[in-house]
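Raw contents of target-v3.tsv, TSV, C-alpha atoms:
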```tsv
chain	number	residue	atom	x	y	z
A	294	MET	CA	238.94	182.80	118.80
A	295	PRO	CA	239.95	185.83	121.21
A	296	ALA	CA	240.37	188.41	123.43
A	297	ALA	CA	242.94	189.45	120.98
A	298	LYS	CA	245.73	191.79	121.78
A	299	LYS	CA	246.12	194.84	119.60
A	300	LYS	CA	249.46	196.04	118.38
A	301	THR	CA	250.56	199.60	117.75
A	302	THR	CA	251.79	200.56	114.30
A	303	THR	CA	252.56	203.93	112.73
A	304	ALA	CA	250.27	206.38	114.49
A	305	ASN	CA	250.01	209.46	112.28
A	306	ALA	CA	247.29	208.28	109.91
A	307	SER	CA	243.67	209.27	110.44
A	308	PRO	CA	241.48	206.47	111.84
A	309	GLU	CA	239.25	206.61	108.75
A	310	ARG	CA	242.16	206.21	106.33
A	311	ARG	CA	243.68	203.40	108.38
A	312	ARG	CA	240.34	201.60	108.41
A	313	GLU	CA	239.98	202.02	104.65
A	314	LEU	CA	243.47	200.62	104.03
A	315	LEU	CA	242.89	197.71	106.39
A	316	ASN	CA	239.65	196.85	104.57
A	317	ILE	CA	241.52	196.85	101.27
A	318	ALA	CA	244.34	194.74	102.72
A	319	ALA	CA	241.84	192.27	104.19
A	320	GLU	CA	240.22	191.75	100.79
A	321	VAL	CA	243.62	191.19	99.16
A	322	PHE	CA	244.78	188.77	101.86
A	323	ALA	CA	241.49	186.86	101.61
A	324	ALA	CA	241.67	186.61	97.83
A	325	HIS	CA	245.36	185.80	97.38
A	326	GLY	CA	246.61	184.48	100.73
A	327	TYR	CA	248.95	186.17	103.16
A	328	ASN	CA	252.22	184.76	101.85
A	329	ALA	CA	251.41	185.58	98.22
A	330	THR	CA	250.37	189.15	99.03
A	331	THR	CA	252.98	191.88	98.82
A	332	VAL	CA	252.89	195.39	100.18
A	333	ARG	CA	253.02	196.58	96.56
A	334	ARG	CA	249.88	194.63	95.70
A	335	ILE	CA	247.99	196.17	98.63
A	336	ALA	CA	249.26	199.63	97.66
A	337	ASP	CA	248.19	199.09	94.05
A	338	GLU	CA	244.67	198.17	95.19
A	339	ALA	CA	244.64	201.30	97.37
A	340	GLY	CA	245.83	203.48	94.48
A	341	MET	CA	249.03	204.58	96.19
A	342	LEU	CA	252.77	203.96	96.07
A	343	ALA	CA	254.11	201.05	98.09
A	344	GLY	CA	256.39	203.39	100.03
A	345	SER	CA	253.41	205.52	101.02
A	346	LEU	CA	251.77	202.55	102.69
A	347	TYR	CA	254.61	202.46	105.22
A	348	TYR	CA	253.46	205.87	106.43
A	349	HIS	CA	250.42	204.08	107.83
A	350	PHE	CA	251.77	200.60	108.73
A	351	ASP	CA	255.26	199.31	109.34
A	352	SER	CA	254.69	195.96	107.57
A	353	LYS	CA	252.09	193.72	106.01
A	354	GLU	CA	252.37	191.61	109.19
A	355	SER	CA	251.17	194.60	111.21
A	356	MET	CA	248.22	195.00	108.88
A	357	LEU	CA	247.25	191.34	109.19
A	358	ASP	CA	247.65	191.48	112.97
A	359	GLU	CA	245.34	194.46	113.25
A	360	ILE	CA	242.76	192.89	110.92
A	361	LEU	CA	242.60	189.63	112.87
A	362	SER	CA	242.85	191.06	116.38
A	363	SER	CA	240.11	193.62	115.69
A	364	PHE	CA	237.81	190.95	114.27
A	365	LEU	CA	238.39	188.55	117.14
A	366	THR	CA	238.00	191.21	119.82
A	367	GLU	CA	234.62	192.20	118.37
A	368	LEU	CA	233.57	188.56	118.00
A	369	TRP	CA	234.33	187.86	121.64
A	370	ASP	CA	232.51	190.97	122.80
A	371	GLY	CA	229.40	189.40	121.25
A	372	TYR	CA	230.11	185.84	122.35
A	373	ASP	CA	230.88	186.84	125.93
A	374	ALA	CA	227.60	188.74	126.12
A	375	VAL	CA	225.73	185.63	124.95
A	376	LEU	CA	227.53	183.34	127.37
A	377	ALA	CA	226.90	185.71	130.29
A	378	ALA	CA	223.18	186.08	129.54
A	379	GLY	CA	222.06	182.94	131.36
A	380	LEU	CA	220.34	181.47	128.30
A	381	GLY	CA	219.24	177.87	128.02
A	382	PRO	CA	221.42	175.62	125.84
A	383	ARG	CA	219.28	175.84	122.69
A	384	GLN	CA	218.85	179.61	123.03
A	385	ALA	CA	222.60	179.98	123.60
A	386	ILE	CA	223.41	177.98	120.44
A	387	GLU	CA	220.92	180.08	118.50
A	388	ALA	CA	222.47	183.29	119.81
A	389	LEU	CA	226.04	182.13	119.10
A	390	VAL	CA	225.16	181.15	115.53
A	391	THR	CA	223.38	184.47	114.97
A	392	GLU	CA	226.33	186.41	116.38
A	393	SER	CA	228.66	184.43	114.10
A	394	PHE	CA	226.71	185.41	111.00
A	395	ARG	CA	226.69	189.04	112.11
A	396	GLU	CA	230.48	188.88	112.33
A	397	ILE	CA	230.67	187.35	108.86
A	398	ASP	CA	228.55	190.27	107.66
A	399	ARG	CA	230.82	192.82	109.36
A	400	HIS	CA	234.18	191.12	108.75
A	401	ARG	CA	233.76	188.66	105.87
A	402	ALA	CA	237.32	189.04	104.60
A	403	ALA	CA	238.81	188.72	108.09
A	404	VAL	CA	236.82	185.52	108.68
A	405	ALA	CA	238.09	184.11	105.38
A	406	ILE	CA	241.67	184.97	106.34
A	407	TYR	CA	241.21	183.38	109.76
A	408	GLN	CA	239.88	180.21	108.17
A	409	LYS	CA	242.82	179.91	105.79
A	410	GLU	CA	245.74	181.27	107.80
A	411	ALA	CA	245.13	180.84	111.54
A	412	LYS	CA	246.63	177.37	111.89
A	413	HIS	CA	250.12	178.27	110.66
A	414	LEU	CA	250.06	181.85	111.95
A	415	ALA	CA	249.36	180.63	115.50
A	416	ALA	CA	252.86	179.14	115.60
A	417	GLN	CA	254.36	182.63	115.40
A	418	PRO	CA	254.78	184.52	118.71
A	419	ARG	CA	253.05	187.63	117.38
A	420	PHE	CA	249.93	185.61	116.58
A	421	ASP	CA	249.87	183.31	119.59
A	422	TYR	CA	246.52	184.83	120.59
A	423	LEU	CA	244.96	182.87	117.70
A	424	ALA	CA	245.58	179.56	119.49
A	425	ASP	CA	244.26	181.00	122.76
A	426	SER	CA	241.15	182.22	120.98
A	427	GLN	CA	240.55	178.86	119.30
A	428	GLU	CA	240.79	177.08	122.65
A	429	LYS	CA	238.31	179.51	124.19
A	430	PHE	CA	236.01	179.19	121.18
A	431	GLU	CA	235.98	175.39	121.39
A	432	LYS	CA	235.36	175.45	125.13
A	433	ALA	CA	232.37	177.78	124.73
A	434	TRP	CA	230.68	175.67	122.08
A	435	LEU	CA	231.44	172.27	123.59
A	436	GLY	CA	230.33	173.45	127.00
A	437	THR	CA	227.00	174.68	125.64
A	438	LEU	CA	226.38	171.45	123.73
A	439	GLU	CA	227.28	169.32	126.76
A	440	ARG	CA	224.91	171.35	128.91
A	441	GLY	CA	222.17	170.78	126.37
A	442	VAL	CA	222.66	167.00	126.48
A	443	ALA	CA	222.79	166.99	130.28
A	444	ASP	CA	219.55	169.01	130.45
A	445	GLY	CA	217.77	166.74	127.98
A	446	ILE	CA	217.50	169.52	125.38
A	447	PHE	CA	219.78	167.79	122.85
A	448	ARG	CA	219.87	164.06	122.07
A	449	ALA	CA	221.81	161.89	124.48
A	450	ASP	CA	223.47	159.96	121.62
A	451	LEU	CA	225.14	163.01	120.09
A	452	ASP	CA	228.87	162.88	119.58
A	453	ILE	CA	229.51	166.31	121.11
A	454	ARG	CA	232.84	166.99	119.42
A	455	LEU	CA	231.58	165.89	116.00
A	456	THR	CA	228.47	168.04	116.44
A	457	TYR	CA	230.62	171.03	117.39
A	458	ARG	CA	232.81	170.60	114.31
A	459	PHE	CA	229.79	170.25	112.06
A	460	VAL	CA	228.07	173.38	113.37
A	461	ARG	CA	231.32	175.38	113.41
A	462	ASP	CA	232.27	174.47	109.86
A	463	THR	CA	228.72	174.86	108.54
A	464	VAL	CA	228.57	178.41	109.87
A	465	TRP	CA	232.03	179.77	109.14
A	466	VAL	CA	232.34	178.37	105.61
A	467	ALA	CA	229.64	180.89	104.70
A	468	ALA	CA	232.40	183.51	104.55
A	469	SER	CA	233.42	181.96	101.22
A	470	TRP	CA	230.15	182.91	99.54
A	471	TYR	CA	228.41	185.52	101.70
A	472	ARG	CA	228.40	189.12	100.50
A	473	PRO	CA	227.08	191.98	102.67
A	474	GLY	CA	223.97	193.65	101.33
A	475	GLY	CA	222.69	190.50	99.63
A	476	GLN	CA	219.19	189.07	99.47
A	477	HIS	CA	219.19	187.80	103.08
A	478	SER	CA	220.25	189.51	106.28
A	479	PRO	CA	222.71	187.71	108.56
A	480	GLU	CA	219.87	187.14	111.02
A	481	GLU	CA	217.72	185.50	108.34
A	482	ILE	CA	220.57	183.25	107.21
A	483	ALA	CA	221.19	182.29	110.85
A	484	ARG	CA	217.50	181.46	111.28
A	485	GLN	CA	217.54	179.20	108.21
A	486	TYR	CA	220.76	177.47	109.29
A	487	LEU	CA	219.45	176.93	112.79
A	488	SER	CA	216.21	175.48	111.46
A	489	MET	CA	218.17	172.93	109.42
A	490	VAL	CA	220.67	172.11	112.17
A	491	LEU	CA	218.25	171.92	115.09
A	492	ASP	CA	215.05	170.71	113.38
A	493	GLY	CA	216.29	168.98	110.22
A	494	ILE	CA	215.01	169.33	106.66
A	495	ALA	CA	212.60	166.38	106.40
A	496	VAL	CA	208.88	166.88	106.85
A	497	ARG	CA	207.78	165.37	110.13
A	498	ALA	CA	205.19	162.63	109.89
```

Show me, as structure tokens, the structure contained in the file I just sent.
Amino acid sequence: MPAAKKKTTTANASPERRRELLNIAAEVFAAHGYNATTVRRIADEAGMLAGSLYYHFDSKESMLDEILSSFLTELWDGYDAVLAAGLGPRQAIEALVTESFREIDRHRAAVAIYQKEAKHLAAQPRFDYLADSQEKFEKAWLGTLERGVADGIFRADLDIRLTYRFVRDTVWVAASWYRPGGQHSPEEIARQYLSMVLDGIAVRA
């Protein structure tokens, strides 16, 4: 997922209003899909005329770009800090999973959009950073798992790529049901997930 590049759109709006409109757009994109979402639909959700939305953004593509690039930039700020911390393999996996749930908490709609749209968007030049980010994401996780096997922390018989896909999908699918401010904090959900993934669910004899 990044080091995403940010694009410049119409610049006269206040940062707070732009952020509010992007949050609304993200929820609409996540609920209805990018292709099915019109500028009018976003404007209706924001309680404004469609033409007024162009005062803030030049297109719905610009809105989606800013939503995804902002999310991915923040995600990689957290991931890069984990990867640079010199943690052991298990501790690194725990930290990456926890950081992932924090991002779902902060950017649930953006994560949902990424899950649904990234594959076909990455073929467009404007969104080519999505493919770069995915490659970097995979390298970080596979490298950590491989280090864990080499160090004897994880089982030697693990299929590393299958394990990566399982952990990745198990974590990020949570964006489909997670709602900020719910019963469990992102850190608590991460702890429960990690307990199941790393230690299993059966009682040990």

Range 323-333 of chain A: axis-aligned bounding box, 6 Å on each side, centre and edge lengths in Å, one decimal, as lines of an AutoDock Vina configuration file:
```
center_x = 247.3
center_y = 190.5
center_z = 99.9
size_x = 23.5
size_y = 24.1
size_z = 18.6
```

Next item on the list: Determine the nearest neighbour of Met341 in chain A from the options A:Asn328, A:Leu314, A:Gly381, A:Val375, counting all atoms listed in the file.
Entry: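 Residue with the minimum atom-to-atom distance to Met341 in chain A: A:Leu314.
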
Item checked: Proximity to Ser352 in chain A - best of A:Ala324, A:Ala385, A:Leu315, A:Ala424, all atoms listed in the file ->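 Of all the options, A:Leu315 lies closest to Ser352 in chain A.
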
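With distances restricted to all atoms listed in the file, A:Arg395 is the closest residue to Phe364 in chain A from A:Arg383, A:Arg395, A:Arg461, A:Arg419.
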
Note to self: Give me the residues near Pro382 in chain A as a list in words, where near means some atom within 7 Å (using all atoms listed in the file) and where sequence neighbours in that chain fewer than 5 positions away do not count.
What the structure shows: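 Residues near the query, excluding close chain neighbours: Thr437, Leu438, Arg440 and Gly441 of chain A.
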
Notebook entry, point to check: Can you tell me, as a count of residues only, what residues are no more than 10 Å from range 335-339 of chain A when counting all atoms listed in the file, ignoring any on the same chain fewer than 3 positions away?
Noted result: 20

Will you model N, CA and C atoms for range 453-486 of chain A and pass it back as a tab-separated table (two decimals), keeping the file's coordinate frame?
```tsv
chain	number	residue	atom	x	y	z
A	453	ILE	N	229.43	164.87	120.87
A	453	ILE	CA	229.51	166.31	121.11
A	453	ILE	C	230.58	166.98	120.25
A	454	ARG	N	231.75	166.37	120.18
A	454	ARG	CA	232.84	166.99	119.42
A	454	ARG	C	232.53	167.01	117.93
A	455	LEU	N	231.95	165.93	117.41
A	455	LEU	CA	231.58	165.89	116.00
A	455	LEU	C	230.50	166.92	115.71
A	456	THR	N	229.54	167.05	116.62
A	456	THR	CA	228.47	168.04	116.44
A	456	THR	C	229.05	169.45	116.43
A	457	TYR	N	229.96	169.72	117.35
A	457	TYR	CA	230.62	171.03	117.39
A	457	TYR	C	231.32	171.33	116.08
A	458	ARG	N	232.08	170.37	115.56
A	458	ARG	CA	232.81	170.60	114.31
A	458	ARG	C	231.86	170.83	113.15
A	459	PHE	N	230.77	170.09	113.13
A	459	PHE	CA	229.79	170.25	112.06
A	459	PHE	C	229.17	171.64	112.08
A	460	VAL	N	228.70	172.06	113.26
A	460	VAL	CA	228.07	173.38	113.37
A	460	VAL	C	229.09	174.48	113.07
A	461	ARG	N	230.27	174.37	113.64
A	461	ARG	CA	231.32	175.38	113.41
A	461	ARG	C	231.62	175.52	111.92
A	462	ASP	N	231.88	174.40	111.26
A	462	ASP	CA	232.27	174.47	109.86
A	462	ASP	C	231.11	174.92	108.98
A	463	THR	N	229.90	174.48	109.32
A	463	THR	CA	228.72	174.86	108.54
A	463	THR	C	228.52	176.37	108.58
A	464	VAL	N	228.75	176.96	109.74
A	464	VAL	CA	228.57	178.41	109.87
A	464	VAL	C	229.69	179.19	109.21
A	465	TRP	N	230.94	178.90	109.56
A	465	TRP	CA	232.03	179.77	109.14
A	465	TRP	C	232.40	179.64	107.68
A	466	VAL	N	232.06	178.50	107.05
A	466	VAL	CA	232.34	178.37	105.61
A	466	VAL	C	231.51	179.36	104.80
A	467	ALA	N	230.47	179.91	105.41
A	467	ALA	CA	229.64	180.89	104.70
A	467	ALA	C	230.44	182.12	104.29
A	468	ALA	N	231.56	182.37	104.95
A	468	ALA	CA	232.40	183.51	104.55
A	468	ALA	C	232.90	183.38	103.14
A	469	SER	N	232.92	182.16	102.58
A	469	SER	CA	233.42	181.96	101.22
A	469	SER	C	232.42	182.41	100.16
A	470	TRP	N	231.14	182.51	100.55
A	470	TRP	CA	230.15	182.91	99.54
A	470	TRP	C	229.32	184.13	99.95
A	471	TYR	N	229.26	184.42	101.24
A	471	TYR	CA	228.41	185.52	101.70
A	471	TYR	C	228.95	186.87	101.24
A	472	ARG	N	228.04	187.75	100.84
A	472	ARG	CA	228.40	189.12	100.50
A	472	ARG	C	227.44	190.07	101.21
A	473	PRO	N	227.95	191.03	101.97
A	473	PRO	CA	227.08	191.98	102.67
A	473	PRO	C	226.14	192.68	101.70
A	474	GLY	N	224.93	192.95	102.17
A	474	GLY	CA	223.97	193.65	101.33
A	474	GLY	C	223.24	192.76	100.35
A	475	GLY	N	223.34	191.44	100.53
A	475	GLY	CA	222.69	190.50	99.63
A	475	GLY	C	221.21	190.34	99.94
A	476	GLN	N	220.63	189.28	99.37
A	476	GLN	CA	219.19	189.07	99.47
A	476	GLN	C	218.73	188.83	100.91
A	477	HIS	N	219.58	188.17	101.71
A	477	HIS	CA	219.19	187.80	103.08
A	477	HIS	C	220.09	188.49	104.10
A	478	SER	N	219.49	188.93	105.18
A	478	SER	CA	220.25	189.51	106.28
A	478	SER	C	220.99	188.41	107.02
A	479	PRO	N	222.03	188.76	107.78
A	479	PRO	CA	222.71	187.71	108.56
A	479	PRO	C	221.78	187.02	109.54
A	480	GLU	N	220.82	187.76	110.09
A	480	GLU	CA	219.87	187.14	111.02
A	480	GLU	C	218.96	186.13	110.32
A	481	GLU	N	218.57	186.44	109.09
A	481	GLU	CA	217.72	185.50	108.34
A	481	GLU	C	218.50	184.25	107.96
A	482	ILE	N	219.75	184.41	107.54
A	482	ILE	CA	220.57	183.25	107.21
A	482	ILE	C	220.77	182.40	108.47
A	483	ALA	N	221.04	183.04	109.59
A	483	ALA	CA	221.19	182.29	110.85
A	483	ALA	C	219.93	181.51	111.17
A	484	ARG	N	218.77	182.14	110.98
A	484	ARG	CA	217.50	181.46	111.28
A	484	ARG	C	217.33	180.22	110.40
A	485	GLN	N	217.66	180.34	109.12
A	485	GLN	CA	217.54	179.20	108.21
A	485	GLN	C	218.53	178.09	108.58
A	486	TYR	N	219.76	178.46	108.88
A	486	TYR	CA	220.76	177.47	109.29
A	486	TYR	C	220.32	176.75	110.56
```
